[in-house]
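Quick notes on the structure that follows.
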Amino acid sequence: KQRSVNTVEQVRYAIDRFLAFLAEAESIGLEVAIDRMTQDQVRRFGIDLYRKKLSASSRSTYLVVLRNWFRYLARRPDLPAGAPVNPDLIELPKHTRPVPNPDERLPVMLTTLPPAPDEWRGIIRRRDQAILETLFSTQLRVSEVVGLNRSSVDWAQGIAIVTGKGRKTRTVFFSPRALEAIDAYLSVRTDTFVPLFIHHDRAHNAAPRDKDGASMRLTRQAIEGMVRNYARLAGVEATPHSFRHYGATELLRNGADIRTVQELLGHSSVQTTQ
């Protein structure tokens, strides 16, 4: 289904956790035959997740994975009896998704980066400023920011075409401030690496064979940590995802319809946007 690497890993982890539960709590080996799995075991797995104090949304994630897995097993030609567990009978915990309430002070983060004490930290500061401006103007997911390359940006039109969740492509728009910040950052880079945003700490060095600098690409975790750090310095509550919530709210306040916001955010369902 062309899912992202993160989604595939999440699915694998959820299934492995279910099999580990069967091994520990049910005394069934990890190589358990699929036809020995029961509806009651899935129910007890859900109870076990609750006892481990996982949130309702986290428990739902695990159980939705199991639902889809058993649906897949039901279509397997080598399992003539179908899936041993009816996926439609796997109950999900009831929970209401909290309404996003982005911190109205979010723009303060763009103007409160501390001065750099030396040239090396000056490069990092320019990079971080460019990332914050990009998040603010494009409402990109952090994984999409990570995936940007130098060639991704159409400087003449101020846009980029990105591939998001479910391999869906969409056009995002950079503000003049974001383009200026990115240009200022690239102007002090001496490399020819492909990624738009890269590591500049001394712990990262590209291998001789890594001509494109793939190993230097900034990670999702690095951007999340950077945003948390600057949010703390600015006295703002924010994560990279907060920029999406803030941007969507501003679009709606300025008269954009919900379908336009859905398209700009790259949501597959308008219910997610709502």
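By convention in this document, the chains of the structure tokens carry letters A, B, ... by their order, each chain's residues are numbered from 1, and ligands are numbered from 1 in the order they are shown.
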
(message) What's around Leu148 (chain A) at 7 Å? Count only C-alpha atoms, leave out sequence neighbours fewer than 4 positions away in its own chain, and write the answer as a VMD selection string.
(response) chain A and resid 144 152 195 to 196

(message) Residues near Trp155 (chain A), anyone? I mean within 8 Å using only C-alpha atoms, not counting same-chain ones fewer than 3 positions away, as a ChimeraX atom specification.
(response) /A:158-159,179

Written file, previous selection with N, CA and C atoms, as an mmCIF file, in the first residue's frame:
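What follows is the written file part.cif:
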data_model
loop_
_atom_site.group_PDB
_atom_site.id
_atom_site.type_symbol
_atom_site.label_atom_id
_atom_site.label_comp_id
_atom_site.auth_asym_id
_atom_site.auth_seq_id
_atom_site.Cartn_x
_atom_site.Cartn_y
_atom_site.Cartn_z
ATOM 1 N N GLY A 158 8.162 30.032 -5.329
ATOM 2 C CA GLY A 158 8.051 29.950 -3.877
ATOM 3 C C GLY A 158 7.256 28.758 -3.403
ATOM 4 N N ILE A 159 7.416 27.622 -4.084
ATOM 5 C CA ILE A 159 6.643 26.426 -3.750
ATOM 6 C C ILE A 159 7.558 25.210 -3.685
ATOM 7 N N LEU A 179 11.731 31.787 2.421
ATOM 8 C CA LEU A 179 12.688 31.679 1.317
ATOM 9 C C LEU A 179 13.974 32.438 1.642
#

Residues near Thr111 (chain A), anyone? I mean within 9 Å using only C-alpha atoms, not counting same-chain ones fewer than 4 positions away, as a PDB file with all heavy atoms, in the first residue's frame.
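This is the output file selection14.pdb:
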ATOM      1  N   PRO A 107       4.223  32.659  16.885  1.00  0.00           N
ATOM      2  CA  PRO A 107       5.113  33.482  16.035  1.00  0.00           C
ATOM      3  C   PRO A 107       6.305  34.076  16.789  1.00  0.00           C
ATOM      4  O   PRO A 107       7.310  34.425  16.160  1.00  0.00           O
ATOM      5  CB  PRO A 107       4.184  34.585  15.516  1.00  0.00           C
ATOM      6  CG  PRO A 107       2.814  33.983  15.565  1.00  0.00           C
ATOM      7  CD  PRO A 107       2.823  33.106  16.785  1.00  0.00           C
ATOM      8  N   GLN A 129      16.629  28.711  12.066  1.00  0.00           N
ATOM      9  CA  GLN A 129      15.713  29.790  11.670  1.00  0.00           C
ATOM     10  C   GLN A 129      14.969  29.401  10.393  1.00  0.00           C
ATOM     11  O   GLN A 129      13.760  29.615  10.274  1.00  0.00           O
ATOM     12  CB  GLN A 129      16.490  31.082  11.435  1.00  0.00           C
ATOM     13  CG  GLN A 129      15.611  32.282  11.082  1.00  0.00           C
ATOM     14  CD  GLN A 129      14.919  32.883  12.288  1.00  0.00           C
ATOM     15  OE1 GLN A 129      15.567  33.249  13.256  1.00  0.00           O
ATOM     16  NE2 GLN A 129      13.598  32.985  12.234  1.00  0.00           N
ATOM     17  N   ALA A 234      11.451  30.654  24.325  1.00  0.00           N
ATOM     18  CA  ALA A 234      10.494  31.718  24.012  1.00  0.00           C
ATOM     19  C   ALA A 234       9.299  31.723  24.959  1.00  0.00           C
ATOM     20  O   ALA A 234       8.446  32.619  24.866  1.00  0.00           O
ATOM     21  CB  ALA A 234      10.008  31.566  22.573  1.00  0.00           C
TER      22      ALA A 234
END

(message) as a PyMOL selection string, please: the residues near Asp210 (chain A) (cut-off 12 Å, only C-alpha atoms, same-chain neighbours under 4 positions excluded).
(response) chain A and resi 192-194+205-206+214-217

For N, CA and C atoms, I'd like the residues from the last selection saved as a PDB file, in the first residue's frame.
ATOM      1  N   THR A 192      27.995  20.275  -1.015  1.00  0.00           N
ATOM      2  CA  THR A 192      27.094  20.117  -2.156  1.00  0.00           C
ATOM      3  C   THR A 192      26.091  18.994  -1.898  1.00  0.00           C
ATOM      4  N   PHE A 193      25.828  18.721  -0.623  1.00  0.00           N
ATOM      5  CA  PHE A 193      24.915  17.641  -0.270  1.00  0.00           C
ATOM      6  C   PHE A 193      23.504  17.928  -0.767  1.00  0.00           C
ATOM      7  N   VAL A 194      22.774  16.860  -1.037  1.00  0.00           N
ATOM      8  CA  VAL A 194      21.415  16.953  -1.580  1.00  0.00           C
ATOM      9  C   VAL A 194      20.395  17.450  -0.555  1.00  0.00           C
ATOM     10  N   ASN A 205      29.680  13.110  10.261  1.00  0.00           N
ATOM     11  CA  ASN A 205      30.560  13.328   9.117  1.00  0.00           C
ATOM     12  C   ASN A 205      30.170  12.348   8.018  1.00  0.00           C
ATOM     13  N   ALA A 206      30.040  12.848   6.820  1.00  0.00           N
ATOM     14  CA  ALA A 206      29.656  11.983   5.707  1.00  0.00           C
ATOM     15  C   ALA A 206      30.800  11.051   5.346  1.00  0.00           C
ATOM     16  N   ALA A 214      23.491  11.702   2.199  1.00  0.00           N
ATOM     17  CA  ALA A 214      22.272  11.100   2.747  1.00  0.00           C
ATOM     18  C   ALA A 214      22.383  10.907   4.262  1.00  0.00           C
ATOM     19  N   SER A 215      23.591  10.548   4.713  1.00  0.00           N
ATOM     20  CA  SER A 215      23.788  10.316   6.147  1.00  0.00           C
ATOM     21  C   SER A 215      23.798  11.607   6.948  1.00  0.00           C
ATOM     22  N   MET A 216      23.878  12.734   6.266  1.00  0.00           N
ATOM     23  CA  MET A 216      23.909  14.024   6.942  1.00  0.00           C
ATOM     24  C   MET A 216      22.523  14.650   7.078  1.00  0.00           C
ATOM     25  N   ARG A 217      21.535  14.051   6.446  1.00  0.00           N
ATOM     26  CA  ARG A 217      20.181  14.602   6.500  1.00  0.00           C
ATOM     27  C   ARG A 217      19.706  14.695   7.946  1.00  0.00           C
TER      28      ARG A 217
END

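Comparing the minimum interatomic distances between Leu63 (chain A) and each of A:Ala25, A:Val11, A:Ile123, A:Leu106, counting only C-alpha atoms, we find that A:Val11 sits nearest.
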
(message) One decimal, in Å: what's the spacing between CA of Arg202 (chain A) and CA of Ala222 (chain A)?
(response) 14.3 Å

Region 174-178 of chain A environment, 10 Å, only C-alpha atoms, sequence neighbours closer than 6 positions dropped, as a short mmCIF file (atom, residue, chain, number, x, y, z; two decimals) with all heavy atoms, in the first residue's frame:
data_model
loop_
_atom_site.label_atom_id
_atom_site.label_comp_id
_atom_site.auth_asym_id
_atom_site.auth_seq_id
_atom_site.Cartn_x
_atom_site.Cartn_y
_atom_site.Cartn_z
N GLN A 129 16.63 28.71 12.07
CA GLN A 129 15.71 29.79 11.67
C GLN A 129 14.97 29.40 10.39
O GLN A 129 13.76 29.62 10.27
CB GLN A 129 16.49 31.08 11.43
CG GLN A 129 15.61 32.28 11.08
CD GLN A 129 14.92 32.88 12.29
OE1 GLN A 129 15.57 33.25 13.26
NE2 GLN A 129 13.60 32.98 12.23
N ALA A 130 15.69 28.82 9.45
CA ALA A 130 15.08 28.40 8.19
C ALA A 130 14.04 27.30 8.42
O ALA A 130 12.97 27.31 7.79
CB ALA A 130 16.16 27.92 7.22
N ILE A 131 14.33 26.38 9.32
CA ILE A 131 13.38 25.30 9.62
C ILE A 131 12.12 25.87 10.26
O ILE A 131 11.00 25.50 9.90
CB ILE A 131 14.03 24.24 10.52
CG1 ILE A 131 15.11 23.48 9.76
CG2 ILE A 131 12.97 23.26 11.05
CD1 ILE A 131 15.93 22.53 10.61
N LEU A 132 12.28 26.75 11.24
CA LEU A 132 11.12 27.34 11.92
C LEU A 132 10.26 28.13 10.93
O LEU A 132 9.03 28.03 10.95
CB LEU A 132 11.57 28.24 13.06
CG LEU A 132 12.22 27.54 14.26
CD1 LEU A 132 12.73 28.57 15.27
CD2 LEU A 132 11.24 26.59 14.94
N GLU A 133 10.90 28.90 10.06
CA GLU A 133 10.14 29.67 9.07
C GLU A 133 9.43 28.74 8.09
O GLU A 133 8.30 29.01 7.66
CB GLU A 133 11.07 30.62 8.31
CG GLU A 133 11.67 31.73 9.15
CD GLU A 133 10.68 32.85 9.46
OE1 GLU A 133 9.52 32.78 9.01
OE2 GLU A 133 11.07 33.80 10.17
N THR A 134 10.08 27.62 7.76
CA THR A 134 9.47 26.64 6.85
C THR A 134 8.25 26.00 7.50
O THR A 134 7.19 25.88 6.88
CB THR A 134 10.50 25.56 6.47
OG1 THR A 134 11.56 26.16 5.73
CG2 THR A 134 9.86 24.47 5.62
N LEU A 135 8.39 25.57 8.74
CA LEU A 135 7.26 24.99 9.46
C LEU A 135 6.11 25.98 9.55
O LEU A 135 4.93 25.62 9.37
CB LEU A 135 7.70 24.57 10.87
CG LEU A 135 8.58 23.32 10.99
CD1 LEU A 135 9.16 23.22 12.39
CD2 LEU A 135 7.79 22.06 10.66
N PHE A 136 6.43 27.24 9.83
CA PHE A 136 5.41 28.26 10.04
C PHE A 136 4.65 28.58 8.76
O PHE A 136 3.44 28.77 8.78
CB PHE A 136 6.06 29.53 10.59
CG PHE A 136 5.07 30.57 11.03
CD1 PHE A 136 4.39 30.46 12.24
CD2 PHE A 136 4.82 31.69 10.24
CE1 PHE A 136 3.47 31.41 12.65
CE2 PHE A 136 3.91 32.65 10.64
CZ PHE A 136 3.23 32.51 11.85
N SER A 137 5.35 28.62 7.63
CA SER A 137 4.70 29.07 6.40
C SER A 137 4.09 27.94 5.58
O SER A 137 3.15 28.17 4.82
CB SER A 137 5.69 29.84 5.52
OG SER A 137 6.71 28.99 5.03
N THR A 138 4.60 26.72 5.73
CA THR A 138 4.14 25.62 4.87
C THR A 138 3.20 24.65 5.55
O THR A 138 2.49 23.90 4.88
CB THR A 138 5.34 24.81 4.35
OG1 THR A 138 6.01 24.19 5.46
CG2 THR A 138 6.31 25.70 3.58
N GLN A 139 3.21 24.60 6.90
CA GLN A 139 2.43 23.61 7.66
C GLN A 139 2.81 22.18 7.27
O GLN A 139 1.99 21.27 7.28
CB GLN A 139 0.92 23.79 7.49
CG GLN A 139 0.35 25.03 8.16
CD GLN A 139 0.51 26.26 7.27
OE1 GLN A 139 0.05 26.25 6.13
NE2 GLN A 139 1.15 27.29 7.77
N VAL A 153 12.80 23.00 -3.69
CA VAL A 153 12.26 24.36 -3.65
C VAL A 153 12.29 24.99 -5.04
O VAL A 153 13.35 25.08 -5.68
CB VAL A 153 13.05 25.25 -2.67
CG1 VAL A 153 12.45 26.65 -2.61
CG2 VAL A 153 13.08 24.62 -1.29
N ASP A 154 11.11 25.42 -5.50
CA ASP A 154 11.01 26.20 -6.73
C ASP A 154 11.09 27.66 -6.31
O ASP A 154 10.12 28.26 -5.86
CB ASP A 154 9.68 25.91 -7.43
CG ASP A 154 9.53 26.64 -8.76
OD1 ASP A 154 10.08 27.76 -8.90
OD2 ASP A 154 8.83 26.12 -9.65
N TRP A 155 12.28 28.25 -6.46
CA TRP A 155 12.51 29.60 -5.95
C TRP A 155 11.69 30.64 -6.69
O TRP A 155 11.25 31.63 -6.09
CB TRP A 155 14.00 29.94 -6.04
CG TRP A 155 14.83 29.09 -5.15
CD1 TRP A 155 15.43 27.90 -5.46
CD2 TRP A 155 15.13 29.34 -3.78
NE1 TRP A 155 16.09 27.40 -4.37
CE2 TRP A 155 15.93 28.26 -3.32
CE3 TRP A 155 14.82 30.37 -2.89
CZ2 TRP A 155 16.42 28.19 -2.02
CZ3 TRP A 155 15.31 30.31 -1.59
CH2 TRP A 155 16.09 29.23 -1.17
N GLN A 157 8.66 30.37 -7.97
CA GLN A 157 7.26 30.36 -7.57
C GLN A 157 7.07 30.31 -6.05
O GLN A 157 5.96 30.48 -5.57
CB GLN A 157 6.53 29.17 -8.22
CG GLN A 157 6.54 29.18 -9.73
CD GLN A 157 5.69 28.07 -10.31
OE1 GLN A 157 4.47 28.10 -10.21
NE2 GLN A 157 6.34 27.07 -10.90
N GLY A 158 8.16 30.03 -5.33
CA GLY A 158 8.05 29.95 -3.88
C GLY A 158 7.26 28.76 -3.40
O GLY A 158 6.49 28.85 -2.44
N ILE A 159 7.42 27.62 -4.08
CA ILE A 159 6.64 26.43 -3.75
C ILE A 159 7.56 25.21 -3.69
O ILE A 159 8.73 25.26 -4.09
CB ILE A 159 5.52 26.15 -4.77
CG1 ILE A 159 6.14 25.83 -6.16
CG2 ILE A 159 4.56 27.32 -4.86
CD1 ILE A 159 5.13 25.37 -7.18
N ALA A 160 6.99 24.12 -3.18
CA ALA A 160 7.65 22.82 -3.24
C ALA A 160 6.56 21.78 -3.40
O ALA A 160 5.45 21.94 -2.87
CB ALA A 160 8.46 22.55 -1.99
N ALA A 184 19.60 32.30 3.17
CA ALA A 184 20.67 32.73 4.08
C ALA A 184 21.41 31.53 4.65
O ALA A 184 22.64 31.56 4.83
CB ALA A 184 20.08 33.58 5.21
#

(message) Please return, as a PyMOL selection string, all residues of region 115-184 of chain A that DSSP assigns to alpha helix (DSSP H) on the basis of the backbone.
(response) chain A and resi 119-138+142-146+176-184

(request) Select from region 53-212 of chain A everything DSSP, run on the backbone, classes as strand (DSSP E or B), then give the selection as a VMD selection string. (result) chain A and resid 149 153 to 154 159 to 163 169 to 173 195 198

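Across the model, the gap from CA of Leu233 (chain A) to CA of Tyr185 (chain A) is 21.5 Å.
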
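The smallest atom-to-atom distance between Arg121 (chain A) and any of A:Lys211, A:Val188, A:Ser242, A:Ile223, using only C-alpha atoms, is found for A:Val188.
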